[in-house]
file coords08.txt (compact mmCIF, C-alpha atoms and all ligand atoms)
# COMPACT_ATOMS: atom_id res chain seq x y z
CA MET A 1 3.44 -10.19 21.36
CA SER A 2 4.63 -7.20 19.38
CA PHE A 3 7.11 -4.61 20.62
CA THR A 4 10.62 -3.22 20.14
CA TYR A 5 13.25 -2.98 22.86
CA PHE A 6 16.03 -0.50 22.14
CA MET A 7 18.50 0.84 24.69
CA PRO A 8 21.76 1.91 23.05
CA THR A 9 23.35 3.61 26.09
CA LYS A 10 26.23 1.78 27.75
CA VAL A 11 25.59 2.10 31.49
CA ILE A 12 28.56 1.91 33.84
CA ILE A 13 27.68 1.80 37.53
CA GLY A 14 29.87 1.95 40.61
CA ARG A 15 31.97 4.09 42.90
CA ASN A 16 34.84 5.74 40.97
CA CYS A 17 33.49 4.36 37.69
CA ILE A 18 34.89 7.31 35.68
CA ASP A 19 38.41 6.82 37.03
CA GLN A 20 38.14 3.12 36.36
CA ASN A 21 36.94 3.52 32.77
CA PRO A 22 38.85 6.51 31.35
CA ASN A 23 38.65 5.27 27.79
CA GLU A 24 34.84 5.14 27.92
CA LEU A 25 34.87 8.83 28.81
CA CYS A 26 37.52 10.00 26.36
CA LYS A 27 37.09 7.85 23.27
CA TRP A 28 34.44 10.03 21.60
CA GLY A 29 36.79 12.75 20.33
CA ASN A 30 39.50 15.21 21.34
CA ARG A 31 37.69 18.44 22.22
CA PRO A 32 34.86 17.86 24.66
CA VAL A 33 32.58 20.60 25.91
CA ILE A 34 31.34 19.90 29.42
CA VAL A 35 27.72 21.05 29.85
CA THR A 36 26.67 21.51 33.47
CA GLY A 37 24.73 23.69 35.93
CA LYS A 38 26.05 26.57 37.96
CA THR A 39 26.82 24.40 40.98
CA SER A 40 25.92 20.76 40.33
CA GLY A 41 29.17 19.89 38.54
CA ILE A 42 31.26 21.22 41.41
CA LYS A 43 29.09 20.21 44.38
CA SER A 44 28.73 16.64 43.10
CA GLY A 45 32.48 16.22 42.62
CA ALA A 46 31.87 14.89 39.09
CA LEU A 47 33.39 17.89 37.31
CA ASN A 48 36.66 17.45 39.18
CA ASP A 49 36.83 13.74 38.33
CA VAL A 50 36.07 14.38 34.66
CA ILE A 51 38.68 17.12 34.31
CA ARG A 52 41.32 14.97 35.99
CA VAL A 53 40.66 12.04 33.63
CA LEU A 54 40.55 14.29 30.53
CA LYS A 55 43.86 15.91 31.49
CA ALA A 56 45.49 12.54 32.12
CA ASN A 57 44.40 11.61 28.60
CA GLY A 58 45.80 14.78 27.08
CA GLN A 59 42.44 16.28 26.10
CA GLU A 60 41.64 19.98 26.13
CA HIS A 61 38.20 20.75 27.48
CA TYR A 62 35.78 23.70 27.59
CA ILE A 63 33.10 24.22 30.23
CA PHE A 64 29.61 25.60 29.66
CA ASP A 65 28.30 25.89 33.23
CA ARG A 66 25.36 28.19 32.58
CA VAL A 67 22.52 25.66 32.34
CA ILE A 68 19.50 26.88 34.30
CA ASN A 69 16.86 24.69 35.94
CA ASN A 70 14.19 23.72 33.38
CA PRO A 71 16.43 25.01 30.56
CA THR A 72 14.88 27.32 27.97
CA LEU A 73 15.43 27.42 24.21
CA GLU A 74 17.50 30.60 24.71
CA ASN A 75 19.68 28.83 27.28
CA VAL A 76 20.44 25.86 25.02
CA ALA A 77 21.03 28.17 22.05
CA GLU A 78 23.75 29.86 24.11
CA GLY A 79 25.24 26.45 24.89
CA GLY A 80 25.07 25.45 21.22
CA ALA A 81 26.94 28.59 20.16
CA PHE A 82 29.52 27.99 22.88
CA ALA A 83 30.12 24.41 21.70
CA LYS A 84 30.36 25.55 18.06
CA ASN A 85 32.92 28.23 18.95
CA ALA A 86 34.93 25.70 20.91
CA ARG A 87 34.82 23.38 17.88
CA ALA A 88 33.63 20.64 20.22
CA ASP A 89 33.59 17.10 18.90
CA TYR A 90 31.72 15.56 21.82
CA ILE A 91 29.66 16.64 24.83
CA ILE A 92 30.01 15.58 28.45
CA ALA A 93 26.82 16.32 30.42
CA ILE A 94 27.10 16.60 34.21
CA GLY A 95 24.15 17.36 36.45
CA GLY A 96 20.50 16.67 37.03
CA GLY A 97 17.93 16.40 34.26
CA SER A 98 18.32 20.08 33.40
CA PRO A 99 21.99 19.91 32.31
CA LEU A 100 21.50 16.45 30.77
CA ASP A 101 18.56 17.61 28.66
CA ALA A 102 20.32 20.87 27.78
CA ALA A 103 23.39 18.90 26.69
CA LYS A 104 21.27 16.88 24.26
CA ALA A 105 20.03 20.10 22.62
CA VAL A 106 23.57 21.53 22.61
CA ALA A 107 24.82 18.36 20.88
CA VAL A 108 22.23 18.85 18.12
CA LEU A 109 22.75 22.60 17.70
CA ALA A 110 26.54 22.34 17.67
CA ALA A 111 26.38 19.85 14.80
CA ASN A 112 23.72 21.68 12.78
CA ASP A 113 24.98 25.10 11.81
CA ASP A 114 21.91 27.09 10.86
CA MET A 115 19.36 25.38 13.03
CA LYS A 116 17.05 27.62 15.05
CA PRO A 117 16.46 26.31 18.59
CA GLU A 118 12.69 26.02 18.10
CA GLU A 119 13.41 23.66 15.17
CA LEU A 120 14.67 21.15 17.74
CA TYR A 121 11.05 20.23 18.38
CA SER A 122 10.77 18.67 14.93
CA GLY A 123 13.06 15.92 16.22
CA GLU A 124 14.71 15.86 12.79
CA PHE A 125 18.26 17.05 12.15
CA GLU A 126 20.32 17.15 9.02
CA LYS A 127 23.55 16.16 10.76
CA ARG A 128 23.95 13.63 13.54
CA PRO A 129 24.28 15.27 17.01
CA LEU A 130 27.69 15.17 18.68
CA PRO A 131 28.18 12.09 20.88
CA ILE A 132 26.98 12.61 24.44
CA VAL A 133 28.43 11.21 27.67
CA ALA A 134 26.01 11.56 30.59
CA ILE A 135 26.87 11.79 34.27
CA PRO A 136 23.75 12.22 36.41
CA THR A 137 24.11 13.99 39.76
CA THR A 138 20.47 13.58 40.77
CA ALA A 139 18.67 10.23 41.00
CA GLY A 140 15.49 11.04 39.17
CA THR A 141 14.99 11.88 35.53
CA GLY A 142 16.76 8.92 33.94
CA SER A 143 17.69 11.32 31.13
CA GLU A 144 21.01 9.45 30.89
CA VAL A 145 19.14 6.59 29.18
CA THR A 146 16.36 8.36 27.29
CA PRO A 147 16.08 9.83 23.78
CA TYR A 148 14.21 12.88 25.16
CA SER A 149 15.10 16.46 25.97
CA ILE A 150 12.51 18.63 27.68
CA LEU A 151 12.93 22.36 27.14
CA THR A 152 11.02 25.39 28.33
CA TYR A 153 9.39 27.16 25.41
CA ASN A 154 8.50 30.64 26.66
CA GLU A 155 6.54 31.46 23.53
CA ILE A 156 3.94 28.76 24.24
CA GLN A 157 4.24 29.23 28.02
CA ASN A 158 4.99 25.57 28.63
CA LYS A 159 7.64 22.86 28.61
CA LYS A 160 7.88 20.67 25.53
CA SER A 161 10.00 17.66 24.64
CA PHE A 162 11.82 16.58 21.53
CA ALA A 163 12.95 13.05 20.83
CA ASN A 164 15.46 11.36 18.56
CA ASP A 165 17.38 8.08 18.96
CA ASP A 166 20.61 9.95 18.21
CA ILE A 167 20.38 11.90 21.48
CA PHE A 168 20.54 8.77 23.60
CA PRO A 169 23.81 9.28 25.48
CA ARG A 170 26.48 6.88 24.18
CA VAL A 171 27.59 6.10 27.72
CA ALA A 172 26.28 6.93 31.20
CA PHE A 173 28.40 6.87 34.35
CA LEU A 174 26.38 6.25 37.51
CA ASP A 175 28.41 6.95 40.63
CA ALA A 176 26.30 7.48 43.75
CA SER A 177 29.10 9.52 45.34
CA TYR A 178 27.85 12.34 43.10
CA THR A 179 24.42 12.53 44.77
CA LYS A 180 25.80 12.98 48.30
CA ALA A 181 25.49 16.78 48.31
CA LEU A 182 21.88 16.78 47.09
CA PRO A 183 19.64 18.82 49.38
CA HIS A 184 17.05 16.58 51.08
CA ASP A 185 14.08 18.13 49.24
CA VAL A 186 15.78 17.69 45.84
CA ALA A 187 16.58 14.06 46.70
CA ILE A 188 12.89 13.47 47.46
CA HIS A 189 11.53 15.32 44.43
CA THR A 190 13.87 13.56 42.03
CA ALA A 191 13.18 10.11 43.52
CA VAL A 192 9.43 10.74 43.19
CA ASP A 193 9.99 11.77 39.56
CA ALA A 194 11.60 8.37 38.95
CA LEU A 195 8.72 6.62 40.75
CA SER A 196 6.33 8.55 38.53
CA HIS A 197 8.22 7.38 35.41
CA ALA A 198 7.97 3.76 36.57
CA ILE A 199 4.26 3.99 37.44
CA GLU A 200 3.24 5.98 34.36
CA GLY A 201 5.26 3.66 32.12
CA TYR A 202 3.60 0.64 33.75
CA VAL A 203 0.06 2.04 33.57
CA CYS A 204 -0.09 3.34 30.00
CA VAL A 205 -1.07 2.39 26.49
CA LYS A 206 2.50 1.80 25.27
CA ALA A 207 3.64 -0.51 28.09
CA ASN A 208 5.11 -3.85 27.01
CA LYS A 209 6.29 -7.03 28.75
CA MET A 210 9.87 -5.89 29.17
CA SER A 211 9.08 -2.34 30.23
CA ASP A 212 6.60 -3.77 32.78
CA MET A 213 9.25 -6.04 34.27
CA ILE A 214 11.68 -3.15 34.62
CA ALA A 215 9.00 -0.79 35.98
CA LEU A 216 7.99 -3.22 38.73
CA GLU A 217 11.62 -3.59 39.79
CA ALA A 218 12.02 0.19 39.92
CA ILE A 219 8.86 0.58 42.04
CA LYS A 220 10.13 -2.12 44.42
CA LEU A 221 13.48 -0.34 44.80
CA PHE A 222 11.77 2.99 45.42
CA ASN A 223 9.73 1.38 48.17
CA GLU A 224 12.87 -0.01 49.80
CA CYS A 225 14.21 3.56 49.97
CA TYR A 226 10.97 5.19 51.18
CA ASP A 227 11.83 5.34 54.90
CA ALA A 228 15.36 6.57 54.28
CA LEU A 229 14.01 9.24 51.93
CA SER A 230 11.48 10.31 54.48
CA LEU A 231 14.07 10.53 57.26
CA GLY A 232 16.76 12.08 55.07
CA ALA A 233 19.14 9.27 56.04
CA LEU A 234 20.57 8.60 52.61
CA HIS A 235 23.69 6.48 52.95
CA PHE A 236 25.78 5.46 49.93
CA GLU A 237 23.95 2.14 49.46
CA THR A 238 20.54 3.84 49.46
CA ARG A 239 21.70 6.58 47.11
CA GLU A 240 23.12 3.92 44.79
CA LYS A 241 19.83 2.05 44.86
CA LEU A 242 17.99 5.28 43.99
CA LEU A 243 20.38 6.07 41.16
CA TYR A 244 19.94 2.56 39.76
CA MET A 245 16.16 2.78 40.21
CA ALA A 246 16.01 6.13 38.41
CA MET A 247 18.00 4.70 35.51
CA LEU A 248 15.66 1.69 35.29
CA ALA A 249 12.66 4.03 35.29
CA GLY A 250 14.37 6.01 32.51
CA VAL A 251 14.67 2.81 30.46
CA VAL A 252 10.94 2.30 31.00
CA ILE A 253 9.91 5.72 29.66
CA ALA A 254 12.42 5.47 26.82
CA HIS A 255 10.03 2.74 25.60
CA THR A 256 6.64 3.86 26.86
CA GLY A 257 6.78 7.64 27.14
CA THR A 258 4.98 9.36 30.00
CA THR A 259 1.29 10.14 30.52
CA ILE A 260 -0.95 12.91 31.84
CA VAL A 261 1.01 13.18 35.11
CA HIS A 262 3.93 14.69 33.22
CA SER A 263 1.91 16.87 30.85
CA MET A 264 -0.19 18.18 33.75
CA GLY A 265 2.97 18.75 35.79
CA TYR A 266 4.62 21.01 33.19
CA PRO A 267 2.27 24.02 33.74
CA LEU A 268 2.84 23.69 37.50
CA THR A 269 6.54 24.10 36.84
CA PHE A 270 6.19 26.81 34.20
CA PHE A 271 3.70 29.04 36.03
CA LYS A 272 4.34 28.22 39.70
CA ASN A 273 8.01 27.19 39.63
CA ILE A 274 7.22 23.86 41.31
CA PRO A 275 10.14 21.44 40.83
CA HIS A 276 9.47 18.79 38.17
CA GLY A 277 9.43 15.76 40.48
CA LYS A 278 7.29 17.49 43.09
CA ALA A 279 4.77 18.49 40.42
CA ASN A 280 4.44 14.85 39.37
CA GLY A 281 4.20 13.67 42.97
CA LEU A 282 1.33 16.05 43.67
CA LEU A 283 -0.66 14.54 40.78
CA LEU A 284 0.27 10.86 41.01
CA GLY A 285 -2.34 9.82 43.59
CA GLN A 286 -5.29 11.22 41.65
CA PHE A 287 -3.83 9.79 38.42
CA LEU A 288 -4.02 6.31 39.96
CA LYS A 289 -7.54 6.91 41.25
CA PHE A 290 -8.69 8.21 37.87
CA ASN A 291 -7.28 5.18 36.06
CA TYR A 292 -8.13 2.56 38.68
CA GLU A 293 -11.09 0.87 37.00
CA ALA A 294 -9.32 0.88 33.61
CA ALA A 295 -6.14 -0.77 34.93
CA LYS A 296 -7.22 -2.41 38.18
CA ASP A 297 -4.86 -5.40 38.05
CA LYS A 298 -1.80 -3.32 37.30
CA ILE A 299 -2.60 -0.63 39.85
CA ASP A 300 -3.25 -3.34 42.47
CA ASN A 301 0.23 -4.72 41.68
CA VAL A 302 1.73 -1.27 42.32
CA LEU A 303 -0.19 -0.89 45.59
CA LYS A 304 0.84 -4.37 46.73
CA ILE A 305 4.55 -3.65 46.14
CA MET A 306 4.18 -0.41 48.03
CA ASP A 307 2.27 -2.04 50.87
CA ILE A 308 -0.70 0.28 50.38
CA SER A 309 -4.13 -1.29 51.00
CA PHE A 310 -6.37 0.91 48.86
CA VAL A 311 -5.83 3.26 45.94
CA ASP A 312 -7.50 6.00 48.03
CA ASP A 313 -4.55 5.78 50.45
CA PHE A 314 -1.91 6.57 47.80
CA PRO A 315 -2.21 10.38 48.04
CA THR A 316 -1.51 10.21 51.81
CA PHE A 317 1.46 7.89 51.23
CA ILE A 318 3.03 10.34 48.79
CA SER A 319 2.06 13.49 50.71
CA GLU A 320 4.21 12.30 53.60
CA LEU A 321 7.17 12.83 51.27
CA ILE A 322 5.71 15.72 49.27
CA PRO A 323 3.37 17.96 51.23
CA GLN A 324 1.00 20.12 49.16
CA ASP A 325 1.88 23.61 50.29
CA GLU A 326 1.05 25.76 47.26
CA SER A 327 -2.15 27.71 46.63
CA PHE A 328 -3.98 27.86 43.32
CA THR A 329 -6.96 29.85 42.06
CA ASP A 330 -9.75 28.19 40.09
CA SER A 331 -8.89 30.21 36.99
CA GLU A 332 -5.25 29.11 37.20
CA LEU A 333 -6.25 25.45 37.30
CA THR A 334 -8.64 25.93 34.37
CA GLU A 335 -5.83 27.51 32.35
CA PHE A 336 -3.43 24.66 33.25
CA ALA A 337 -6.01 22.05 32.21
CA GLU A 338 -6.56 23.82 28.87
CA ILE A 339 -2.81 23.74 28.22
CA ALA A 340 -2.22 20.20 29.48
CA ILE A 341 -5.03 18.59 27.48
CA THR A 342 -3.27 19.56 24.22
CA ALA A 343 -0.13 17.49 25.05
CA LYS A 344 0.85 14.54 22.85
CA ASN A 345 1.09 12.09 25.72
CA VAL A 346 -2.59 12.46 26.68
CA SER A 347 -3.26 9.68 24.15
CA ASN A 348 -0.84 7.45 26.09
CA ASN A 349 -3.12 7.46 29.12
CA ILE A 350 -4.77 4.09 29.70
CA ARG A 351 -8.19 5.76 30.10
CA LYS A 352 -9.43 8.42 27.72
CA VAL A 353 -9.33 11.76 29.47
CA SER A 354 -11.25 14.99 28.81
CA LEU A 355 -10.53 18.61 29.66
CA GLU A 356 -13.11 18.48 32.48
CA GLN A 357 -11.52 15.33 33.90
CA GLU A 358 -8.03 16.86 33.87
CA LEU A 359 -9.43 19.90 35.68
CA ASP A 360 -11.03 17.58 38.22
CA ILE A 361 -7.67 15.81 38.76
CA TYR A 362 -6.02 19.20 39.34
CA ILE A 363 -8.70 20.28 41.80
CA LYS A 364 -8.62 17.03 43.78
CA SER A 365 -4.80 16.98 43.81
CA LEU A 366 -4.17 20.61 44.61
CA LYS A 367 -7.24 21.89 46.41
CA GLY A 368 -8.62 18.67 47.87
P1 LIG A 401 17.69 19.80 38.02
O1 LIG A 401 16.86 20.96 37.56
O2 LIG A 401 18.67 19.26 37.08
O3 LIG A 401 18.44 20.20 39.38
C1 LIG A 401 17.72 20.66 40.51
C2 LIG A 401 18.66 21.36 41.47
O4 LIG A 401 19.54 20.42 42.08
C3 LIG A 401 19.54 22.41 40.79
O5 LIG A 401 19.56 23.56 41.59
C4 LIG A 401 20.91 21.72 40.74
O6 LIG A 401 21.98 22.66 40.75
C5 LIG A 401 20.88 20.92 41.99
N1 LIG A 401 21.78 19.74 41.97
C6 LIG A 401 21.88 18.79 41.00
N2 LIG A 401 22.74 17.84 41.38
C7 LIG A 401 23.23 18.21 42.58
C8 LIG A 401 24.17 17.61 43.48
N3 LIG A 401 24.70 16.41 43.23
N4 LIG A 401 24.45 18.26 44.62
C9 LIG A 401 23.83 19.44 44.92
N5 LIG A 401 22.94 20.05 44.11
C10 LIG A 401 22.63 19.42 42.95
O7 LIG A 401 16.66 18.69 38.56
P2 LIG A 401 16.19 17.27 38.00
O8 LIG A 401 14.93 16.96 38.70
O9 LIG A 401 17.27 16.27 37.99
O10 LIG A 401 15.86 17.57 36.45
C11 LIG A 401 14.65 18.18 36.09
C12 LIG A 401 14.63 18.40 34.58
O11 LIG A 401 14.71 17.13 33.91
C13 LIG A 401 13.33 19.05 34.13
O12 LIG A 401 13.61 20.02 33.14
C14 LIG A 401 12.55 17.89 33.55
O13 LIG A 401 11.59 18.29 32.60
C15 LIG A 401 13.66 17.05 32.96
N6 LIG A 401 13.32 15.62 32.74
C16 LIG A 401 13.87 15.00 31.67
C17 LIG A 401 13.56 13.67 31.38
C18 LIG A 401 14.15 13.02 30.16
O14 LIG A 401 13.85 11.86 29.86
N7 LIG A 401 14.98 13.69 29.41
C19 LIG A 401 12.71 12.95 32.22
C20 LIG A 401 12.18 13.61 33.33
C21 LIG A 401 12.50 14.95 33.59
P3 LIG A 401 22.48 23.43 39.39
O15 LIG A 401 21.44 24.46 39.13
O16 LIG A 401 23.78 23.96 39.77
O17 LIG A 401 22.53 22.41 38.28
ZN ZN A 402 9.95 13.25 34.87

call {"tool": "encode", "arguments": {"input": "coords08.txt", "output": "structure tokens", "more": "lines below"}}
Ligand code: NAP
Ligand code: ZN
result
Amino acid sequence: MSFTYFMPTKVIIGRNCIDQNPNELCKWGNRPVIVTGKTSGIKSGALNDVIRVLKANGQEHYIFDRVINNPTLENVAEGGAFAKNARADYIIAIGGGSPLDAAKAVAVLAANDDMKPEELYSGEFEKRPLPIVAIPTTAGTGSEVTPYSILTYNEIQNKKSFANDDIFPRVAFLDASYTKALPHDVAIHTAVDALSHAIEGYVCVKANKMSDMIALEAIKLFNECYDALSLGALHFETREKLLYMAMLAGVVIAHTGTTIVHSMGYPLTFFKNIPHGKANGLLLGQFLKFNYEAAKDKIDNVLKIMDISFVDDFPTFISELIPQDESFTDSELTEFAEIAITAKNVSNNIRKVSLEQELDIYIKSLKG
């Protein structure tokens, strides 16, 4: 046995957990900048709770609420300048994966004066990023417990991640009240993203005993929520289970990374504006089929938990949640495959994959 387990984020779960743990929110400094999306902070109710607790603790705060979906380098540079001007000493991230990932970049840029945003991708910084508090308002990315930030890099026409242990949030507050206002389609896409993290982390080169145990639990929890997700009947208990599941799946990828599902999903988001979780969901079935012979025992475990008889049935199972309703030309898919095959995480796939095979996965997933 040989692996490292490292998860430095304190996770606090429960209804009203911010109100009940004010010191865990406020202890990181005196001048927080809140990084959030245009609406997610308000619609979730989290922004209100945070401001109330900060005020009660006598802290001034500044709000950067301009994070866009799939944040770009330009967008996080604006946030970094805002945080520098505000002389922020810690960052509170509120929102889905987009604001959480943007906040990680803002925390780095605010601490490192002359850093150009594209230098983030080196994953190396002279000064330690500002401390980050994370409050997820979607149940999907698990960014609250990962050392990754995924940013849109217009120059290379793709999304690209950077990683550093110092961007693990110091504390994450998981209150399922905050996911109540999620539109049904976003709830499904984000839950499928988390499922994808659990499955990719389980079926990959870097999986280890502990990440496997956590991944199987996350897959089981997803399955328990499948009917409610499908019907759109997401009561507090189900939303809490999904939030917990997404966090567990985040812990998995913090250790294992992702695989070709994610790197093949990024061009679908960049060029076709397909939401991140939906992009993964569209590819997941063919990913399992492609890898089946190389990881039969593990994939059979996944199918058993999900009560699916054959790997060939997985695409139908997922398409009931995520219908494939986009159209693609052959030349688009060829271009996506050429981009996706250059990603780092291709080597994390359990079976060696070629450009032609990635193209075949695209065709079967999106035109089959
Ligand atoms: P998102 O882009 O953060 O949000 C999707 C939409 O949902 C936005 O319009 C957002 O509004 C809205 N929304 C969020 N919370 C809401 C709430 N409680 N009520 C109502 N509306 C709400 O989606 P996401 O899937 O969570 O994050 C995707 C991003 O995370 C991608 O960039 C992806 O690459 C990244 N990601 C990161 C990791 C990691 O480990 N760091 C892992 C996987 C994915 P606003 O626009 O107002 O915010
Ligand atoms: Zn993801």

call {"tool": "residues_near_ligand", "arguments": {"input": "coords08.txt", "ligand": "ligand ZN 402 (chain A)", "cutoff": "7 Å", "atoms": "all atoms listed in the file", "output": "list in words"}}
result
Thr141, Asp193, Ala194, Ser196, His197, His262, His276 and Gly277 of chain A

call {"tool": "closest_atom_pairs", "arguments": {"input": "coords08.txt", "of": "chain A", "to": "ligand LIG 401 (chain A)", "cutoff": "6 Å", "atoms": "all atoms listed in the file", "output": "JSON lines"}}
result
{"residue": "A:Gly37", "atom": "CA", "partner": "A:LIG401", "partner_atom": "O17", "distance": 3.5}
{"residue": "A:Lys38", "atom": "CA", "partner": "A:LIG401", "partner_atom": "O16", "distance": 3.9}
{"residue": "A:Thr39", "atom": "CA", "partner": "A:LIG401", "partner_atom": "O16", "distance": 3.3}
{"residue": "A:Ser40", "atom": "CA", "partner": "A:LIG401", "partner_atom": "O16", "distance": 3.9}
{"residue": "A:Lys43", "atom": "CA", "partner": "A:LIG401", "partner_atom": "N4", "distance": 5.0}
{"residue": "A:Ser44", "atom": "CA", "partner": "A:LIG401", "partner_atom": "N3", "distance": 4.0}
{"residue": "A:Ile68", "atom": "CA", "partner": "A:LIG401", "partner_atom": "O15", "distance": 5.7}
{"residue": "A:Asn69", "atom": "CA", "partner": "A:LIG401", "partner_atom": "O1", "distance": 4.1}
{"residue": "A:Asn70", "atom": "CA", "partner": "A:LIG401", "partner_atom": "O12", "distance": 3.8}
{"residue": "A:Gly95", "atom": "CA", "partner": "A:LIG401", "partner_atom": "N2", "distance": 5.2}
{"residue": "A:Gly96", "atom": "CA", "partner": "A:LIG401", "partner_atom": "O2", "distance": 3.2}
{"residue": "A:Gly97", "atom": "CA", "partner": "A:LIG401", "partner_atom": "O10", "distance": 3.2}
{"residue": "A:Ser98", "atom": "CA", "partner": "A:LIG401", "partner_atom": "O2", "distance": 3.8}
{"residue": "A:Pro99", "atom": "CA", "partner": "A:LIG401", "partner_atom": "O2", "distance": 5.8}
{"residue": "A:Asp101", "atom": "CA", "partner": "A:LIG401", "partner_atom": "N7", "distance": 5.4}
{"residue": "A:Thr137", "atom": "CA", "partner": "A:LIG401", "partner_atom": "N3", "distance": 4.3}
{"residue": "A:Thr138", "atom": "CA", "partner": "A:LIG401", "partner_atom": "N2", "distance": 4.9}
{"residue": "A:Gly140", "atom": "CA", "partner": "A:LIG401", "partner_atom": "O9", "distance": 5.6}
{"residue": "A:Thr141", "atom": "CA", "partner": "A:LIG401", "partner_atom": "C20", "distance": 4.0}
{"residue": "A:Gly142", "atom": "CA", "partner": "A:LIG401", "partner_atom": "O14", "distance": 5.8}
{"residue": "A:Ser143", "atom": "CA", "partner": "A:LIG401", "partner_atom": "N7", "distance": 4.0}
{"residue": "A:Thr146", "atom": "CA", "partner": "A:LIG401", "partner_atom": "O14", "distance": 5.0}
{"residue": "A:Tyr148", "atom": "CA", "partner": "A:LIG401", "partner_atom": "N7", "distance": 4.4}
{"residue": "A:Ser149", "atom": "CA", "partner": "A:LIG401", "partner_atom": "N7", "distance": 4.4}
{"residue": "A:Ile150", "atom": "CA", "partner": "A:LIG401", "partner_atom": "O13", "distance": 5.0}
{"residue": "A:Tyr178", "atom": "CA", "partner": "A:LIG401", "partner_atom": "N3", "distance": 5.1}
{"residue": "A:Thr179", "atom": "CA", "partner": "A:LIG401", "partner_atom": "N3", "distance": 4.2}
{"residue": "A:Ala181", "atom": "CA", "partner": "A:LIG401", "partner_atom": "N4", "distance": 4.1}
{"residue": "A:Leu182", "atom": "CA", "partner": "A:LIG401", "partner_atom": "N4", "distance": 3.9}
{"residue": "A:Val186", "atom": "CA", "partner": "A:LIG401", "partner_atom": "O4", "distance": 6.0}
{"residue": "A:Thr190", "atom": "CA", "partner": "A:LIG401", "partner_atom": "O8", "distance": 4.9}
{"residue": "A:His276", "atom": "CA", "partner": "A:LIG401", "partner_atom": "C13", "distance": 5.6}
{"residue": "A:Gly277", "atom": "CA", "partner": "A:LIG401", "partner_atom": "O8", "distance": 5.9}

call {"tool": "residues_around", "arguments": {"input": "coords08.txt", "residues": "Asp175 of chain A", "least_positions_apart": "3", "cutoff": "7 Å", "atoms": "all atoms listed in the file", "output": "list in words"}}
result
Ile13, Gly14, Arg15, Asn16, Cys17 and Tyr178 of chain A

call {"tool": "residues_near_point", "arguments": {"input": "coords08.txt", "point": "(34.0, 13.9, 17.4)", "cutoff": "9 Å", "atoms": "only C-alpha atoms", "output": "list of chain:residue names"}}
result
A:Lys27, A:Trp28, A:Gly29, A:Asn30, A:Arg31, A:Pro32, A:Ala88, A:Asp89, A:Tyr90, A:Leu130, A:Pro131

call {"tool": "atom_distance", "arguments": {"input": "coords08.txt", "atom1": "atom CA of His189 of chain A", "atom2": "atom CA of Ser331 of chain A"}}
result
26.3 Å

call {"tool": "residues_around", "arguments": {"input": "coords08.txt", "residues": "segment 335-348 of chain A", "least_positions_apart": "5", "cutoff": "10 Å", "atoms": "all atoms listed in the file", "output": "tab-separated table (two decimals) with C-alpha atoms, keeping the file's coordinate frame"}}
result
chain	number	residue	atom	x	y	z
A	156	ILE	CA	3.94	28.76	24.24
A	157	GLN	CA	4.24	29.23	28.02
A	158	ASN	CA	4.99	25.57	28.63
A	160	LYS	CA	7.88	20.67	25.53
A	161	SER	CA	10.00	17.66	24.64
A	200	GLU	CA	3.24	5.98	34.36
A	201	GLY	CA	5.26	3.66	32.12
A	203	VAL	CA	0.06	2.04	33.57
A	204	CYS	CA	-0.09	3.34	30.00
A	205	VAL	CA	-1.07	2.39	26.49
A	206	LYS	CA	2.50	1.80	25.27
A	207	ALA	CA	3.64	-0.51	28.09
A	256	THR	CA	6.64	3.86	26.86
A	257	GLY	CA	6.78	7.64	27.14
A	258	THR	CA	4.98	9.36	30.00
A	259	THR	CA	1.29	10.14	30.52
A	260	ILE	CA	-0.95	12.91	31.84
A	261	VAL	CA	1.01	13.18	35.11
A	262	HIS	CA	3.93	14.69	33.22
A	263	SER	CA	1.91	16.87	30.85
A	264	MET	CA	-0.19	18.18	33.75
A	265	GLY	CA	2.97	18.75	35.79
A	266	TYR	CA	4.62	21.01	33.19
A	267	PRO	CA	2.27	24.02	33.74
A	268	LEU	CA	2.84	23.69	37.50
A	270	PHE	CA	6.19	26.81	34.20
A	271	PHE	CA	3.70	29.04	36.03
A	330	ASP	CA	-9.75	28.19	40.09
A	353	VAL	CA	-9.33	11.76	29.47
A	354	SER	CA	-11.25	14.99	28.81
A	355	LEU	CA	-10.53	18.61	29.66
A	356	GLU	CA	-13.11	18.48	32.48
A	357	GLN	CA	-11.52	15.33	33.90
A	358	GLU	CA	-8.03	16.86	33.87
A	359	LEU	CA	-9.43	19.90	35.68
A	360	ASP	CA	-11.03	17.58	38.22
A	361	ILE	CA	-7.67	15.81	38.76
A	362	TYR	CA	-6.02	19.20	39.34

call {"tool": "atom_distance", "arguments": {"input": "coords08.txt", "atom1": "atom CA of Arg170 of chain A", "atom2": "atom CA of Met210 of chain A"}}
result
21.5 Å

call {"tool": "residues_around", "arguments": {"input": "coords08.txt", "residues": "Asn57 of chain A", "least_positions_apart": "6", "cutoff": "10 Å", "atoms": "all atoms listed in the file", "output": "MDAnalysis selection string"}}
result
chainID A and resid 22:23 25:27 30 51

call {"tool": "atom_distance", "arguments": {"input": "coords08.txt", "atom1": "atom CA of Met245 of chain A", "atom2": "atom CA of Phe222 of chain A"}}
result
6.8 Å

call {"tool": "closest_residue", "arguments": {"input": "coords08.txt", "among": "A:Pro147, A:Pro136, A:Pro275, A:Pro323", "to": "Tyr244 of chain A", "atoms": "only C-alpha atoms"}}
result
A:Pro136

call {"tool": "residues_around", "arguments": {"input": "coords08.txt", "residues": "Gly285 of chain A", "least_positions_apart": "3", "cutoff": "10 Å", "atoms": "all atoms listed in the file", "output": "VMD selection string"}}
result
chain A and resid 261 280 to 282 288 to 290 311 to 319 361 364 to 365
